[in-house]
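**Q** For reference, this is query-v5.pdb, and it has PDB, C-alpha atoms.
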```pdb
MODEL        1
ATOM      1  CA  MET Z   1      99.963 -74.836 -93.740
ATOM      2  CA  ASP Z   2     103.663 -74.036 -93.451
ATOM      3  CA  SER Z   3     105.494 -74.857 -90.270
ATOM      4  CA  PHE Z   4     106.058 -72.131 -87.694
ATOM      5  CA  ILE Z   5     109.500 -70.912 -86.802
ATOM      6  CA  CYS Z   6     109.888 -71.034 -83.017
ATOM      7  CA  ARG Z   7     112.805 -70.009 -80.872
ATOM      8  CA  ILE Z   8     113.628 -69.124 -77.278
ATOM      9  CA  GLU Z   9     116.371 -66.591 -76.590
ATOM     10  CA  LEU Z  10     118.081 -66.528 -73.192
ATOM     11  CA  ASN Z  11     120.245 -63.564 -72.263
ATOM     12  CA  LYS Z  12     121.642 -62.818 -68.815
ATOM     13  CA  ASN Z  13     121.390 -59.059 -69.472
ATOM     14  CA  LYS Z  14     118.242 -58.753 -71.661
ATOM     15  CA  GLY Z  15     116.161 -61.577 -70.190
ATOM     16  CA  ILE Z  16     114.065 -64.172 -72.005
ATOM     17  CA  THR Z  17     112.349 -63.797 -75.394
ATOM     18  CA  ILE Z  18     109.961 -66.353 -76.891
ATOM     19  CA  VAL Z  19     109.337 -65.949 -80.623
ATOM     20  CA  LEU Z  20     106.779 -67.590 -82.923
ATOM     21  CA  GLN Z  21     107.016 -66.644 -86.591
ATOM     22  CA  ASN Z  22     104.139 -67.365 -89.011
ATOM     23  CA  ASP Z  23     105.477 -66.652 -92.499
ATOM     24  CA  GLU Z  24     102.298 -67.801 -94.270
ATOM     25  CA  ASP Z  25     100.139 -65.116 -92.590
ATOM     26  CA  ASN Z  26     103.053 -62.704 -92.071
ATOM     27  CA  ILE Z  27     102.523 -62.616 -88.273
ATOM     28  CA  LEU Z  28     105.207 -62.418 -85.617
ATOM     29  CA  GLN Z  29     104.378 -63.201 -81.978
ATOM     30  CA  THR Z  30     106.832 -62.423 -79.193
ATOM     31  CA  ILE Z  31     106.901 -62.612 -75.396
ATOM     32  CA  THR Z  32     109.733 -60.716 -73.722
ATOM     33  CA  MET Z  33     110.626 -60.820 -70.015
ATOM     34  CA  ASP Z  34     113.395 -58.346 -69.156
ATOM     35  CA  GLY Z  35     113.310 -58.467 -65.352
ATOM     36  CA  THR Z  36     111.072 -55.389 -64.915
ATOM     37  CA  SER Z  37     108.273 -56.000 -67.425
ATOM     38  CA  ILE Z  38     106.630 -58.652 -69.559
ATOM     39  CA  THR Z  39     105.792 -57.597 -73.123
ATOM     40  CA  PHE Z  40     103.347 -59.526 -75.314
ATOM     41  CA  LYS Z  41     103.420 -58.436 -78.953
ATOM     42  CA  VAL Z  42     101.585 -59.593 -82.077
ATOM     43  CA  LYS Z  43     102.723 -57.898 -85.283
ATOM     44  CA  GLY Z  44     101.167 -58.367 -88.700
ATOM     45  CA  SER Z  45     101.585 -56.736 -92.095
ATOM     46  CA  LYS Z  46      99.158 -53.867 -91.235
ATOM     47  CA  ASN Z  47      98.611 -53.761 -87.463
ATOM     48  CA  GLU Z  48     100.275 -54.468 -84.157
ATOM     49  CA  SER Z  49      98.917 -55.132 -80.656
ATOM     50  CA  VAL Z  50     101.012 -54.795 -77.504
ATOM     51  CA  ILE Z  51     100.462 -55.660 -73.821
ATOM     52  CA  ILE Z  52     103.111 -54.492 -71.342
ATOM     53  CA  GLN Z  53     102.842 -55.650 -67.729
ATOM     54  CA  LYS Z  54     104.938 -53.945 -65.052
ATOM     55  CA  GLU Z  55     104.946 -54.007 -61.277
ATOM     56  CA  GLU Z  56     102.589 -51.011 -61.012
ATOM     57  CA  GLU Z  57     100.753 -50.923 -64.347
ATOM     58  CA  ILE Z  58      99.438 -52.811 -67.363
ATOM     59  CA  PHE Z  59      99.525 -51.075 -70.755
ATOM     60  CA  ILE Z  60      97.417 -52.298 -73.697
ATOM     61  CA  LYS Z  61      97.641 -50.930 -77.231
ATOM     62  CA  CYS Z  62      95.619 -52.293 -80.153
ATOM     63  CA  LYS Z  63      93.315 -51.300 -83.010
ATOM     64  CA  ASP Z  64      90.161 -52.923 -81.582
ATOM     65  CA  PHE Z  65      89.754 -53.759 -77.865
ATOM     66  CA  LYS Z  66      86.838 -56.013 -76.832
ATOM     67  CA  ILE Z  67      85.680 -57.450 -73.493
ATOM     68  CA  GLU Z  68      82.832 -59.964 -73.239
ATOM     69  CA  ALA Z  69      81.629 -61.433 -69.936
ATOM     70  CA  GLU Z  70      78.473 -62.243 -67.996
ATOM     71  CA  THR Z  71      79.388 -59.638 -65.338
ATOM     72  CA  ILE Z  72      81.979 -56.841 -65.501
ATOM     73  CA  ASN Z  73      83.033 -55.012 -62.336
ATOM     74  CA  CYS Z  74      85.489 -52.105 -62.665
ATOM     75  CA  LYS Z  75      86.618 -50.279 -59.522
ATOM     76  CA  SER Z  76      89.288 -47.674 -58.852
ATOM     77  CA  LYS Z  77      90.355 -46.345 -55.445
ATOM     78  CA  LYS Z  78      91.044 -42.927 -56.992
ATOM     79  CA  GLU Z  79      90.096 -41.213 -60.266
ATOM     80  CA  THR Z  80      88.619 -42.970 -63.307
ATOM     81  CA  TYR Z  81      89.060 -41.251 -66.653
ATOM     82  CA  HIS Z  82      87.547 -42.082 -70.057
ATOM     83  CA  GLU Z  83      88.279 -40.208 -73.281
ATOM     84  CA  SER Z  84      87.134 -40.823 -76.841
ATOM     85  CA  GLY Z  85      88.608 -39.247 -79.969
ATOM     86  CA  GLU Z  86      85.207 -39.540 -81.665
ATOM     87  CA  GLY Z  87      81.766 -40.695 -80.451
ATOM     88  CA  TYR Z  88      81.010 -42.194 -77.014
ATOM     89  CA  GLU Z  89      77.895 -44.351 -76.563
ATOM     90  CA  ILE Z  90      76.458 -46.135 -73.516
ATOM     91  CA  LYS Z  91      73.573 -48.598 -73.949
ATOM     92  CA  SER Z  92      71.592 -50.607 -71.400
ATOM     93  CA  LYS Z  93      68.673 -52.972 -72.005
ATOM     94  CA  LYS Z  94      67.441 -52.298 -68.453
ATOM     95  CA  ASP Z  95      67.877 -49.439 -65.966
ATOM     96  CA  LEU Z  96      70.846 -47.088 -66.327
ATOM     97  CA  VAL Z  97      71.836 -45.519 -62.989
ATOM     98  CA  PHE Z  98      74.256 -42.659 -62.262
ATOM     99  CA  ASP Z  99      74.983 -42.264 -58.531
ATOM    100  CA  ALA Z 100      77.449 -39.779 -57.028
ATOM    101  CA  SER Z 101      78.141 -38.985 -53.375
ATOM    102  CA  SER Z 102      78.990 -35.429 -54.460
ATOM    103  CA  ASP Z 103      78.123 -33.310 -57.531
ATOM    104  CA  ILE Z 104      77.235 -34.431 -61.060
ATOM    105  CA  LYS Z 105      78.241 -31.980 -63.789
ATOM    106  CA  GLU Z 106      77.383 -32.154 -67.486
ATOM    107  CA  LYS Z 107      78.857 -29.821 -70.086
ATOM    108  CA  ALA Z 108      78.635 -29.740 -73.870
ATOM    109  CA  SER Z 109      79.995 -27.336 -76.481
ATOM    110  CA  GLY Z 110      76.885 -28.096 -78.563
ATOM    111  CA  ASP Z 111      73.304 -29.057 -77.678
ATOM    112  CA  ILE Z 112      72.131 -31.269 -74.798
ATOM    113  CA  LYS Z 113      69.031 -33.320 -75.638
ATOM    114  CA  ILE Z 114      67.017 -35.456 -73.184
ATOM    115  CA  GLU Z 115      64.169 -37.694 -74.382
ATOM    116  CA  GLY Z 116      61.966 -40.072 -72.448
ATOM    117  CA  LYS Z 117      58.413 -41.291 -71.954
ATOM    118  CA  LYS Z 118      58.264 -39.368 -68.674
ATOM    119  CA  ILE Z 119      60.933 -37.006 -67.348
ATOM    120  CA  GLU Z 120      61.027 -36.026 -63.665
ATOM    121  CA  ALA Z 121      63.461 -33.660 -61.928
ATOM    122  CA  GLU Z 122      63.375 -33.208 -58.151
ATOM    123  CA  ALA Z 123      65.556 -31.184 -55.776
ATOM    124  CA  SER Z 124      65.534 -31.159 -51.983
ATOM    125  CA  SER Z 125      66.214 -27.391 -51.982
ATOM    126  CA  GLU Z 126      66.277 -25.255 -55.149
ATOM    127  CA  VAL Z 127      65.900 -25.686 -58.909
ATOM    128  CA  SER Z 128      67.402 -22.981 -61.123
ATOM    129  CA  LEU Z 129      67.033 -22.545 -64.897
ATOM    130  CA  GLU Z 130      68.871 -19.780 -66.723
ATOM    131  CA  GLY Z 131      69.276 -18.998 -70.395
ATOM    132  CA  THR Z 132      69.109 -16.258 -73.017
ATOM    133  CA  ASN Z 133      65.628 -17.556 -73.911
ATOM    134  CA  ILE Z 134      63.599 -20.173 -72.013
ATOM    135  CA  GLU Z 135      60.606 -21.856 -73.630
ATOM    136  CA  ILE Z 136      58.230 -24.279 -71.901
ATOM    137  CA  LYS Z 137      55.687 -25.875 -74.198
ATOM    138  CA  GLY Z 138      53.073 -28.560 -73.600
ATOM    139  CA  LYS Z 139      51.191 -30.155 -76.499
ATOM    140  CA  ASN Z 140      48.063 -30.649 -74.356
ATOM    141  CA  LYS Z 141      48.485 -28.934 -70.986
ATOM    142  CA  SER Z 142      51.113 -26.977 -69.056
ATOM    143  CA  SER Z 143      50.817 -26.449 -65.302
ATOM    144  CA  LEU Z 144      52.745 -24.317 -62.820
ATOM    145  CA  SER Z 145      51.926 -24.717 -59.137
ATOM    146  CA  GLY Z 146      53.463 -24.177 -55.733
ATOM    147  CA  GLY Z 147      52.867 -22.969 -52.192
ATOM    148  CA  LYS Z 148      53.725 -19.513 -53.519
ATOM    149  CA  VAL Z 149      54.245 -18.624 -57.177
ATOM    150  CA  ASP Z 150      55.878 -15.365 -58.271
ATOM    151  CA  ILE Z 151      55.956 -14.282 -61.921
ATOM    152  CA  SER Z 152      57.912 -11.112 -62.622
ATOM    153  CA  SER Z 153      59.590  -9.381 -65.541
ATOM    154  CA  LYS Z 154      62.036  -6.481 -65.717
ATOM    155  CA  GLY Z 155      60.556  -5.612 -69.078
ATOM    156  CA  LYS Z 156      57.126  -6.357 -70.552
ATOM    157  CA  LEU Z 157      55.040  -9.253 -69.181
ATOM    158  CA  LYS Z 158      52.545 -10.606 -71.712
ATOM    159  CA  VAL Z 159      49.821 -13.195 -71.083
ATOM    160  CA  LYS Z 160      48.000 -14.376 -74.187
ATOM    161  CA  GLY Z 161      45.605 -17.190 -74.999
ATOM    162  CA  GLY Z 162      42.431 -18.174 -76.825
ATOM    163  CA  LEU Z 163      40.724 -17.971 -73.420
ATOM    164  CA  VAL Z 164      42.365 -16.444 -70.335
ATOM    165  CA  GLU Z 165      40.895 -17.036 -66.879
ATOM    166  CA  VAL Z 166      42.129 -15.556 -63.595
ATOM    167  CA  SER Z 167      40.460 -16.892 -60.455
ATOM    168  CA  SER Z 168      41.045 -16.907 -56.706
ATOM    169  CA  LYS Z 169      39.397 -18.752 -53.839
ATOM    170  CA  GLY Z 170      40.151 -15.812 -51.560
ATOM    171  CA  LEU Z 171      41.150 -12.221 -52.227
ATOM    172  CA  LEU Z 172      42.243 -11.202 -55.724
ATOM    173  CA  ASP Z 173      44.182  -7.935 -55.962
ATOM    174  CA  VAL Z 174      45.015  -6.111 -59.197
ATOM    175  CA  LYS Z 175      47.296  -3.152 -58.461
ATOM    176  CA  THR Z 176      49.417  -0.759 -60.456
ATOM    177  CA  SER Z 177      51.412   2.356 -59.536
ATOM    178  CA  GLY Z 178      50.509   3.788 -62.953
ATOM    179  CA  ILE Z 179      47.419   3.611 -65.152
ATOM    180  CA  LEU Z 180      45.272   0.466 -65.302
ATOM    181  CA  ASN Z 181      43.570  -0.093 -68.649
ATOM    182  CA  ILE Z 182      40.831  -2.694 -69.115
ATOM    183  CA  LYS Z 183      39.672  -2.942 -72.700
ATOM    184  CA  GLY Z 184      37.341  -5.266 -74.547
ATOM    185  CA  SER Z 185      34.486  -5.354 -77.028
ATOM    186  CA  LEU Z 186      32.273  -6.318 -74.083
ATOM    187  CA  LEU Z 187      33.068  -5.901 -70.361
ATOM    188  CA  ASN Z 188      31.085  -7.855 -67.767
ATOM    189  CA  LEU Z 189      31.419  -7.204 -64.034
ATOM    190  CA  LYS Z 190      29.489  -9.546 -61.729
ATOM    191  CA  ALA Z 191      29.571  -9.497 -57.938
ATOM    192  CA  THR Z 192      27.289  -9.397 -54.927
ATOM    193  CA  LEU Z 193      28.806  -6.015 -54.152
ATOM    194  CA  VAL Z 194      30.767  -3.761 -56.519
ATOM    195  CA  ARG Z 195      32.638  -0.828 -54.987
ATOM    196  CA  PHE Z 196      34.523   1.919 -56.873
ATOM    197  CA  GLY Z 197      36.688   4.599 -55.271
TER     198      GLY Z 197
ENDMDL
END
```
What is this structure when it is put down as structure tokens?

**A**
Amino acid sequence: MDSFICRIELNKNKGITIVLQNDEDNILQTITMDGTSITFKVKGSKNESVIIQKEEEIFIKCKDFKIEAETINCKSKKETYHESGEGYEIKSKKDLVFDASSDIKEKASGDIKIEGKKIEAEASSEVSLEGTNIEIKGKNKSSLSGGKVDISSKGKLKVKGGLVEVSSKGLLDVKTSGILNIKGSLLNLKATLVRFG
């Protein structure tokens, strides 16, 4: 290994600069203190990393930034902003929790996909779903229940199945302001009392 070239530059106007030059690996390391900031710089033949520390901020620029610790705690008194020029991935081997004292908003220019063993959504007041087309599909069973359930359509409402059952523990009303058609290859009406008219 070749010897390093080391020097310290002292200047009353520019401050202090510490230089370490590694000619064998073509790497230059410098620390500059100019009275307002401290700049750490490592420059190679292809890349360069820079750390600038000022009174109110720390700036880091590099090709690959890594942090490894047993516990990481990041906290800001005001806004926190993250931006990625390409993909953004978050992984957790245990629970992943998002908690906000106000609203949580998600927006995507493409698709939004949620997968899980069991998915639950609960609201203390209202739940609203809106789209050009909405499809709810269960491979085994689909259930819709509530204290009161209203199903309405501005156009045509179609109910179709291999077997369709409509039942009520109390009164069951079928009303129309127009014509009511009941059609089938066989029609069975069973009741203790049947009244027409």

**Q** Using only C-alpha atoms, give me every residue within 12 Å of (111.9, -64.4, -73.0) in file coordinates, as a VMD selection string.

**A** chain Z and resid 7 to 20 29 to 35 37 to 41

**Q** Provide the atom CA of Z:Lys137 to atom CA of Z:Asp111 distance in Å, to one decimal place.

**A**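 Rounded to one decimal, the two atoms are 18.2 Å apart.
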
**Q** In Å, rounded to a single decimal, give me how far atom CA of Z:Ile52 is from atom CA of Z:Phe4.

**A**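 Here the two named atoms are 24.2 Å from each other.
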
**Q** What does the structure give for the distance between atom CA of Z:Ile182 and atom CA of Z:Gly162, in Å to one decimal?

**A**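 For atom CA of Z:Ile182 relative to atom CA of Z:Gly162, the distance reads 17.4 Å.
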
**Q** Centre and edge lengths, as lines of an AutoDock Vina configuration file, for the axis-aligned box enclosing every listed atom of stretch 128-139 of chain Z with 8 Å of padding on each of the six sides, in Å to one decimal?

**A**
```
center_x = 60.2
center_y = -23.2
center_z = -68.8
size_x = 34.1
size_y = 29.9
size_z = 31.4
```

**Q** Exactly which residues make up the result of the PyMOL selection byres ((chain Z and resi 61-73) around 12) on this file, given as an NGL selection string?

**A** :Z and (39-44 or 46-53 or 58-60 or 74-76)

**Q** Can you give me, as an MDAnalysis selection string, the residues this file yields under the PyMOL selection byres ((chain Z and resi 2) around 8)?

**A** chainID Z and resid 1 3:4 23:24

**Q** Restricted to C-alpha atoms, what would the selected residues look like written as a short mmCIF file (atom, residue, chain, number, x, y, z; two decimals), keeping the file's coordinate frame?

**A**
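selection.cif written:
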```
data_model
loop_
_atom_site.label_atom_id
_atom_site.label_comp_id
_atom_site.auth_asym_id
_atom_site.auth_seq_id
_atom_site.Cartn_x
_atom_site.Cartn_y
_atom_site.Cartn_z
CA MET Z 1 99.96 -74.84 -93.74
CA SER Z 3 105.49 -74.86 -90.27
CA PHE Z 4 106.06 -72.13 -87.69
CA ASP Z 23 105.48 -66.65 -92.50
CA GLU Z 24 102.30 -67.80 -94.27
#
```

**Q** Select, counting all atoms listed in the file, all protein, DNA and RNA residues no farther than 10 Å from (83.6, -33.3, -78.7) in file coordinates, and express the selection as a list of chain:residue names.

**A**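 Checked against the point, the hits come out as Z:Glu83, Z:Ser84, Z:Gly85, Z:Glu86, Z:Gly87, Z:Tyr88, Z:Ala108, Z:Ser109, Z:Gly110.
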
**Q** Using the atoms already present, construct N, CA and C atoms for stretch 152-183 of chain Z and hand them back as a short mmCIF file (atom, residue, chain, number, x, y, z; two decimals), in the frame of the given file.

**A**
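Now in out_18.cif:
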```cif
data_model
loop_
_atom_site.label_atom_id
_atom_site.label_comp_id
_atom_site.auth_asym_id
_atom_site.auth_seq_id
_atom_site.Cartn_x
_atom_site.Cartn_y
_atom_site.Cartn_z
N SER Z 152 57.50 -12.51 -62.49
CA SER Z 152 57.91 -11.11 -62.62
C SER Z 152 58.74 -10.94 -63.88
N SER Z 153 58.81 -9.72 -64.35
CA SER Z 153 59.59 -9.38 -65.54
C SER Z 153 60.16 -7.98 -65.39
N LYS Z 154 61.44 -7.81 -65.74
CA LYS Z 154 62.04 -6.48 -65.72
C LYS Z 154 61.55 -5.64 -66.89
N GLY Z 155 61.09 -6.31 -67.92
CA GLY Z 155 60.56 -5.61 -69.08
C GLY Z 155 59.05 -5.76 -69.17
N LYS Z 156 58.56 -6.20 -70.31
CA LYS Z 156 57.13 -6.36 -70.55
C LYS Z 156 56.70 -7.78 -70.25
N LEU Z 157 55.60 -7.94 -69.49
CA LEU Z 157 55.04 -9.25 -69.18
C LEU Z 157 53.75 -9.40 -69.98
N LYS Z 158 53.69 -10.43 -70.81
CA LYS Z 158 52.54 -10.61 -71.71
C LYS Z 158 51.91 -11.97 -71.46
N VAL Z 159 50.59 -11.96 -71.25
CA VAL Z 159 49.82 -13.20 -71.08
C VAL Z 159 48.80 -13.25 -72.21
N LYS Z 160 48.85 -14.32 -73.00
CA LYS Z 160 48.00 -14.38 -74.19
C LYS Z 160 47.46 -15.78 -74.36
N GLY Z 161 46.19 -15.89 -74.75
CA GLY Z 161 45.60 -17.19 -75.00
C GLY Z 161 44.26 -17.06 -75.68
N GLY Z 162 43.76 -18.18 -76.23
CA GLY Z 162 42.43 -18.17 -76.82
C GLY Z 162 41.39 -17.82 -75.78
N LEU Z 163 41.57 -18.31 -74.56
CA LEU Z 163 40.72 -17.97 -73.42
C LEU Z 163 41.62 -17.84 -72.20
N VAL Z 164 41.54 -16.70 -71.51
CA VAL Z 164 42.36 -16.44 -70.33
C VAL Z 164 41.45 -16.29 -69.13
N GLU Z 165 41.68 -17.10 -68.10
CA GLU Z 165 40.90 -17.04 -66.88
C GLU Z 165 41.82 -16.77 -65.69
N VAL Z 166 41.41 -15.84 -64.83
CA VAL Z 166 42.13 -15.56 -63.60
C VAL Z 166 41.13 -15.72 -62.46
N SER Z 167 41.41 -16.63 -61.54
CA SER Z 167 40.46 -16.89 -60.46
C SER Z 167 41.20 -17.03 -59.15
N SER Z 168 40.47 -16.79 -58.05
CA SER Z 168 41.04 -16.91 -56.71
C SER Z 168 39.98 -17.39 -55.75
N LYS Z 169 40.34 -18.29 -54.86
CA LYS Z 169 39.40 -18.75 -53.84
C LYS Z 169 39.23 -17.73 -52.73
N GLY Z 170 40.22 -16.85 -52.59
CA GLY Z 170 40.15 -15.81 -51.56
C GLY Z 170 40.15 -14.43 -52.19
N LEU Z 171 41.05 -13.59 -51.74
CA LEU Z 171 41.15 -12.22 -52.23
C LEU Z 171 41.99 -12.17 -53.49
N LEU Z 172 41.51 -11.41 -54.48
CA LEU Z 172 42.24 -11.20 -55.72
C LEU Z 172 42.51 -9.71 -55.87
N ASP Z 173 43.79 -9.33 -55.86
CA ASP Z 173 44.18 -7.94 -55.96
C ASP Z 173 44.81 -7.68 -57.32
N VAL Z 174 44.38 -6.60 -57.98
CA VAL Z 174 45.02 -6.11 -59.20
C VAL Z 174 45.45 -4.69 -58.91
N LYS Z 175 46.78 -4.46 -58.84
CA LYS Z 175 47.30 -3.15 -58.46
C LYS Z 175 48.31 -2.68 -59.48
N THR Z 176 48.38 -1.36 -59.64
CA THR Z 176 49.42 -0.76 -60.46
C THR Z 176 49.74 0.63 -59.91
N SER Z 177 51.03 1.01 -59.96
CA SER Z 177 51.41 2.36 -59.54
C SER Z 177 51.15 3.39 -60.64
N GLY Z 178 50.81 2.90 -61.83
CA GLY Z 178 50.51 3.79 -62.95
C GLY Z 178 49.05 3.70 -63.33
N ILE Z 179 48.79 3.65 -64.62
CA ILE Z 179 47.42 3.61 -65.15
C ILE Z 179 47.04 2.17 -65.43
N LEU Z 180 45.80 1.80 -65.04
CA LEU Z 180 45.27 0.47 -65.30
C LEU Z 180 44.23 0.57 -66.41
N ASN Z 181 44.50 -0.09 -67.52
CA ASN Z 181 43.57 -0.09 -68.65
C ASN Z 181 42.91 -1.45 -68.77
N ILE Z 182 41.58 -1.47 -68.84
CA ILE Z 182 40.83 -2.69 -69.11
C ILE Z 182 40.03 -2.43 -70.38
N LYS Z 183 40.28 -3.24 -71.41
CA LYS Z 183 39.67 -2.94 -72.70
C LYS Z 183 39.13 -4.22 -73.30
#
```
